[in-house]
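Participant: Take a look at the following structure, please.
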Amino acid sequence: MEIRDMKTALPVPVSLSTELIAGISSFLATAYIVVVNPLVLSQAGMPFSGVLTATVLVCFFSSLMMGLYARSPYVVAPGMGLNAFFTFSVVQGMHVPYPVALGAVFWSGVFFLLISVFNVRELVIRAIPKTLRYGIAAGIGLFITLIGFANAKFVVPHPATMISLGKLTTPTLLFLVGLLLTAILILKKSRGALLWGILATTLLATLPGRLFSGEQIVVWKGLVAAPDFSLLFCLDLMGSLKWSLAPVIFAFVFTDLFDSLSTFVGLAEATGRLDENGEPLRMKESLLTDAVATTLAGLVGSSPGTAYIESAVGIESGGRTGLTAVVAACCFLPCLFLSPLLSMVPAVATAPALVLVGVFMIQTVTKIPWNEWEEAVPAFLAMVLIPYSYSITQGIIWGFLSYAGMKTAAGRRMSAAFWVITALCVAALVFE
């Protein structure tokens, strides 16, 4: 199918050199996940090197499939927000062993695959109100930001006020410097701004710890090592098939599905990757790839995979075909052997990236009709309960329940599919 520009309706020129540059640009924009994902999931008790290997495998095979099968220029990697949900809500919050949580990831991928193959996704999409999607996306952004502040010890627990600002130590000052530097790089539209911010903060952290506080923030662990496949097939498939984990699987599917849809639709609208009916090109194939990425993630030892909005960097560089994703996929492979080097990156270096990802995600609040209370109240509750309860699941559940209550009070009629999802939310609360 010929790719045409949305505004001019003229064919978009495609060249090999442009696609190569676009693929490298997309890799630089998304490569931070190779460091951030292991740091987040290692807090669930998983080995850093094992998660790094799993992360690279998901990035490589899923992006490769996106390029060769879906023929789309989107990079696929473990999703931010999904990894936080896996670690802090499921493993730490619900005390679920990580092999069982990996099993839930796998089954959510299977479910996602089935609704994509049989086109059930349209029913699910229509059943979930847009304002709830916006509120949940913003809530996940706030959740990720809170985790970033906590990892940097910029925000700490407090017995009287629950949370409070931490002391200004060398690590927290490094975090603030890294936050400012990374924000400036984004302002200057630097390719790979988050990655360069992480690297720069790590370099800054190699000396100040010893010079000013006697604390060694960055510890040399070596340069290269063989990949760690210890998490391969470490999932507990049967243990994850419990009713108590149904809300977890639903939350994975819900977040993954709408994260993918918003990415595909947004990038297609912005870049003109539309068919003659104005629909995103190869949407079904792209969603199938996303579902396979989540299923693969459970098998190799990672949180769910999803298409990255940072793929826009490569598309803005001229990437229009699957070759962009293929090039980006190949760029991830060398990272398999760099676990000692990448494990040196301290939490204060990745915390600025987490905070700024929250800035990106909270932008959806502008789409919420705040003057319509029956829409605004459920979206607001979903948004604030995710960070306040430290659980994406609870934000989704109470968002749906409040939406059902507000619409019923207003005399609005909702679809049968919506009430099925609401009933599942009630069941989740009862059986929890």
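Within each chain, counting starts at residue 1; across the structure tokens, chains are named A, B, ... in the order shown, with ligands numbered 1 upward in that order.
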Within 6 Å of region 242-255 of chain A, counting only C-alpha atoms, which residues show up once you throw out same-chain ones fewer than 2 positions away? Write them as a short mmCIF file (atom, residue, chain, number, x, y, z; two decimals) with C-alpha atoms, in the first residue's frame, please.
Facilitator:
data_model
loop_
_atom_site.label_atom_id
_atom_site.label_comp_id
_atom_site.auth_asym_id
_atom_site.auth_seq_id
_atom_site.Cartn_x
_atom_site.Cartn_y
_atom_site.Cartn_z
CA ALA A 104 -0.17 -13.00 34.45
CA SER A 108 -2.73 -11.00 29.33
CA SER A 240 -1.32 -17.10 37.69
CA LEU A 257 -4.34 -2.08 24.59
CA PHE A 258 -5.02 1.61 24.99
CA ASP A 259 -1.38 2.53 25.23
CA THR A 393 -5.66 -1.65 39.31
#
Participant: Which residues, written as a list in words, have at least one atom at most 7 Å from Leu235 (chain A), with only C-alpha atoms counted and residues fewer than 3 positions away on the same chain left out?
Facilitator: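 In the requested form, the answer reads Pro99, Val100, Leu102, Gly103, Gly298 and Leu299 of chain A.
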Participant: Can you pull out the residues contacting Ala417 (chain A)? Cut-off 8 Å, using only C-alpha atoms, and skip same-chain residues under 2 positions away; I want them as a PyMOL selection string.
Facilitator: chain A and resi 123-124+127+415+419-421
Participant: Just the selected residues (C-alpha atoms), exported as an mmCIF file, in the first residue's frame, please.
Facilitator:
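File out.cif, as written:
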data_model
loop_
_atom_site.group_PDB
_atom_site.id
_atom_site.type_symbol
_atom_site.label_atom_id
_atom_site.label_comp_id
_atom_site.auth_asym_id
_atom_site.auth_seq_id
_atom_site.Cartn_x
_atom_site.Cartn_y
_atom_site.Cartn_z
ATOM 1 C CA LEU A 123 -16.226 -3.878 21.431
ATOM 2 C CA VAL A 124 -13.751 -3.415 24.267
ATOM 3 C CA ALA A 127 -17.027 -0.012 26.127
ATOM 4 C CA SER A 415 -23.480 -0.541 26.680
ATOM 5 C CA TRP A 419 -21.593 -3.244 32.493
ATOM 6 C CA VAL A 420 -19.694 -6.514 32.072
ATOM 7 C CA ILE A 421 -16.435 -4.687 32.800
#
Participant: Which residues are near Arg412 (chain A)? Cut-off 10 Å, only C-alpha atoms, ignore same chain within fewer than 6 positions. Put them as a VMD selection string.
Facilitator: chain A and resid 374 404 406
Participant: I'd like to know which of A:Ser62, A:Gln92, A:Thr321, A:Thr172 is closest to Thr201 (chain A), using only C-alpha atoms.
Facilitator: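 When distances to Thr201 (chain A) are compared using only C-alpha atoms, the smallest one comes from A:Thr172.
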Participant: Enumerate, as a list of chain:residue names, the complete set of residues in region 231-335 of chain A that a backbone-based DSSP assignment places in strand (DSSP E or B).
Facilitator: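 So the strand (DSSP E or B) residues in region 231-335 of chain A would be A:Leu274, A:Pro280, A:Gly305, A:Thr306, A:Ala307.
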Participant: Output N, CA and C atoms for every residue in that selection, as a PDB file, in the first residue's frame.
Facilitator:
ATOM      1  N   LEU A 274      -1.891   6.966   6.877  1.00  0.00           N
ATOM      2  CA  LEU A 274      -3.324   6.678   6.848  1.00  0.00           C
ATOM      3  C   LEU A 274      -3.695   6.054   5.514  1.00  0.00           C
ATOM      4  N   PRO A 280      -5.468   4.418  10.423  1.00  0.00           N
ATOM      5  CA  PRO A 280      -4.041   4.102  10.485  1.00  0.00           C
ATOM      6  C   PRO A 280      -3.708   2.877   9.645  1.00  0.00           C
ATOM      7  N   GLY A 305       5.278  -5.703  26.773  1.00  0.00           N
ATOM      8  CA  GLY A 305       5.834  -4.848  25.736  1.00  0.00           C
ATOM      9  C   GLY A 305       4.742  -4.051  25.060  1.00  0.00           C
ATOM     10  N   THR A 306       5.104  -2.897  24.535  1.00  0.00           N
ATOM     11  CA  THR A 306       4.137  -2.053  23.843  1.00  0.00           C
ATOM     12  C   THR A 306       4.867  -1.139  22.866  1.00  0.00           C
ATOM     13  N   ALA A 307       4.135  -0.618  21.892  1.00  0.00           N
ATOM     14  CA  ALA A 307       4.723   0.328  20.948  1.00  0.00           C
ATOM     15  C   ALA A 307       5.039   1.633  21.665  1.00  0.00           C
TER      16      ALA A 307
END
Participant: DSSP on the backbone, then: every residue of region 188-413 of chain A marked alpha helix (DSSP H), written as number ranges by chain.
Facilitator: A: 193-205, 208, 246-271, 283-300, 311-316, 322-332, 339-342, 347-361, 373-389, 392-409
Participant: Take the selection from the previous step and output its residues with C-alpha atoms, as a compact mmCIF listing (two decimals), in the first residue's frame.
Facilitator:
# COMPACT_ATOMS: atom_id res chain seq x y z
CA ALA A 193 17.27 13.23 25.30
CA LEU A 194 16.26 10.80 28.06
CA LEU A 195 19.16 8.46 27.25
CA TRP A 196 21.71 11.28 27.14
CA GLY A 197 20.34 12.62 30.40
CA ILE A 198 20.83 9.24 32.08
CA LEU A 199 24.37 8.93 30.75
CA ALA A 200 25.33 12.48 31.71
CA THR A 201 23.95 12.09 35.26
CA THR A 202 25.82 8.80 35.64
CA LEU A 203 29.06 10.46 34.58
CA LEU A 204 28.46 13.30 37.05
CA ALA A 205 27.82 10.75 39.79
CA PRO A 208 30.90 13.85 43.54
CA ALA A 246 -8.03 -11.61 37.17
CA PRO A 247 -7.97 -7.85 37.89
CA VAL A 248 -4.20 -7.87 37.33
CA ILE A 249 -4.54 -9.56 33.95
CA PHE A 250 -7.36 -7.17 33.02
CA ALA A 251 -5.25 -4.17 34.07
CA PHE A 252 -2.35 -5.40 31.94
CA VAL A 253 -4.65 -5.88 28.93
CA PHE A 254 -6.46 -2.58 29.45
CA THR A 255 -3.30 -0.50 29.82
CA ASP A 256 -1.43 -2.27 27.04
CA LEU A 257 -4.34 -2.08 24.59
CA PHE A 258 -5.02 1.61 24.99
CA ASP A 259 -1.38 2.53 25.23
CA SER A 260 -0.89 0.82 21.87
CA LEU A 261 -4.01 2.28 20.28
CA SER A 262 -3.21 5.82 21.36
CA THR A 263 0.35 5.41 20.04
CA PHE A 264 -0.73 4.02 16.67
CA VAL A 265 -3.54 6.51 16.13
CA GLY A 266 -1.53 9.50 17.33
CA LEU A 267 1.52 8.71 15.21
CA ALA A 268 -0.58 7.90 12.16
CA GLU A 269 -2.47 11.18 12.42
CA ALA A 270 0.71 13.17 12.94
CA THR A 271 2.69 11.57 10.12
CA MET A 283 -3.54 -1.33 12.50
CA LYS A 284 -4.53 -4.98 12.95
CA GLU A 285 -1.02 -6.24 12.20
CA SER A 286 0.49 -3.65 14.55
CA LEU A 287 -1.84 -4.63 17.40
CA LEU A 288 -1.08 -8.31 16.81
CA THR A 289 2.61 -7.51 17.09
CA ASP A 290 1.96 -5.67 20.34
CA ALA A 291 0.07 -8.68 21.70
CA VAL A 292 2.90 -11.02 20.73
CA ALA A 293 5.35 -8.66 22.47
CA THR A 294 3.44 -8.99 25.75
CA THR A 295 3.21 -12.77 25.43
CA LEU A 296 6.95 -12.92 24.69
CA ALA A 297 7.68 -10.66 27.66
CA GLY A 298 6.07 -13.13 30.04
CA LEU A 299 8.13 -15.98 28.57
CA VAL A 300 11.52 -14.26 28.72
CA SER A 311 9.04 6.20 17.64
CA ALA A 312 7.89 9.65 16.51
CA VAL A 313 11.55 10.71 16.65
CA GLY A 314 12.42 8.24 13.88
CA ILE A 315 9.31 9.09 11.90
CA GLU A 316 10.14 12.79 12.10
CA GLY A 322 9.16 -1.32 8.52
CA LEU A 323 12.87 -0.94 7.81
CA THR A 324 13.00 1.79 10.46
CA ALA A 325 11.83 -0.70 13.10
CA VAL A 326 14.20 -3.39 11.81
CA VAL A 327 17.21 -1.08 12.10
CA ALA A 328 16.17 -0.04 15.62
CA ALA A 329 15.75 -3.71 16.58
CA CYS A 330 19.28 -4.54 15.47
CA CYS A 331 20.67 -1.62 17.47
CA PHE A 332 19.34 -3.20 20.67
CA SER A 339 24.90 -5.81 31.63
CA PRO A 340 27.93 -5.06 33.90
CA LEU A 341 28.38 -1.62 32.34
CA LEU A 342 24.67 -0.76 32.37
CA ALA A 347 18.87 5.16 40.59
CA VAL A 348 19.49 8.92 40.78
CA ALA A 349 20.46 8.83 37.08
CA THR A 350 17.26 7.14 35.89
CA ALA A 351 14.94 9.03 38.25
CA PRO A 352 14.88 12.19 36.06
CA ALA A 353 13.71 10.07 33.12
CA LEU A 354 10.86 8.65 35.23
CA VAL A 355 9.77 12.11 36.32
CA LEU A 356 9.79 13.47 32.76
CA VAL A 357 7.90 10.46 31.39
CA GLY A 358 5.21 11.54 33.86
CA VAL A 359 5.19 14.97 32.20
CA PHE A 360 4.56 13.35 28.82
CA MET A 361 1.73 11.15 30.10
CA TRP A 373 -19.14 16.47 36.18
CA GLU A 374 -20.37 13.04 35.12
CA GLU A 375 -17.22 12.74 33.00
CA ALA A 376 -14.78 14.71 35.13
CA VAL A 377 -15.34 13.07 38.53
CA PRO A 378 -14.62 9.46 37.40
CA ALA A 379 -11.60 10.58 35.36
CA PHE A 380 -10.29 12.55 38.35
CA LEU A 381 -10.77 9.65 40.77
CA ALA A 382 -9.01 7.25 38.41
CA MET A 383 -6.16 9.72 37.97
CA VAL A 384 -5.49 10.46 41.66
CA LEU A 385 -6.20 7.01 43.09
CA ILE A 386 -3.45 5.39 41.00
CA PRO A 387 -0.62 7.25 42.79
CA TYR A 388 -2.48 7.62 46.11
CA SER A 389 -3.29 3.89 46.37
CA ILE A 392 -3.08 1.08 38.77
CA THR A 393 -5.66 -1.65 39.31
CA GLN A 394 -7.46 0.32 42.03
CA GLY A 395 -7.47 3.44 39.86
CA ILE A 396 -9.13 1.51 37.02
CA ILE A 397 -11.65 -0.20 39.32
CA TRP A 398 -12.83 2.95 41.08
CA GLY A 399 -12.80 4.89 37.85
CA PHE A 400 -15.26 2.42 36.33
CA LEU A 401 -17.43 2.19 39.44
CA SER A 402 -17.71 5.97 39.80
CA TYR A 403 -18.42 6.34 36.08
CA ALA A 404 -21.23 3.79 36.35
CA GLY A 405 -22.67 5.61 39.37
CA MET A 406 -22.50 9.06 37.78
CA LYS A 407 -24.02 7.92 34.50
CA THR A 408 -26.81 6.05 36.26
CA ALA A 409 -27.61 9.12 38.35
Participant: So that I can see what lies close to Met80 (chain A), please list as a list in words the residues with an atom at most 9 Å from it, counting only C-alpha atoms and leaving out residues fewer than 3 positions away in the same chain.
Facilitator: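 Residues meeting the cut-off are Ile33, Val36, Asn37, Asn83, Ala84, Phe85, Ile140, Ile144, Leu354 and Val357 of chain A.
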Participant: Write out, as a PDB file, in the first residue's frame, the residues just selected, with C-alpha atoms.
Facilitator:
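The resulting file, out.pdb, is reproduced below:
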ATOM      1  CA  ILE A  33      14.393   1.471  28.646  1.00  0.00           C
ATOM      2  CA  VAL A  36      15.304   1.816  33.376  1.00  0.00           C
ATOM      3  CA  ASN A  37      13.316  -1.412  33.004  1.00  0.00           C
ATOM      4  CA  ASN A  83       6.728  -2.142  34.596  1.00  0.00           C
ATOM      5  CA  ALA A  84       5.819   0.077  37.556  1.00  0.00           C
ATOM      6  CA  PHE A  85       2.470  -1.706  37.900  1.00  0.00           C
ATOM      7  CA  ILE A 140      -0.010   6.363  35.481  1.00  0.00           C
ATOM      8  CA  ILE A 144       5.770   6.972  37.508  1.00  0.00           C
ATOM      9  CA  LEU A 354      10.865   8.648  35.228  1.00  0.00           C
ATOM     10  CA  VAL A 357       7.899  10.459  31.390  1.00  0.00           C
TER      11      VAL A 357
END
Participant: Using Å and a single decimal, report how far CA of Phe337 (chain A) sits from CA of Ala226 (chain A).
Facilitator: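 Separation between CA of Ala226 (chain A) and CA of Phe337 (chain A): 5.5 Å.
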Participant: Go through A:Gly318, A:Glu276, A:Leu82, A:Gly166 and flag the residue nearest Ala22 (chain A), using only C-alpha atoms for the distances.
Facilitator: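 Ranked by minimum distance to Ala22 (chain A), first place goes to A:Gly318.
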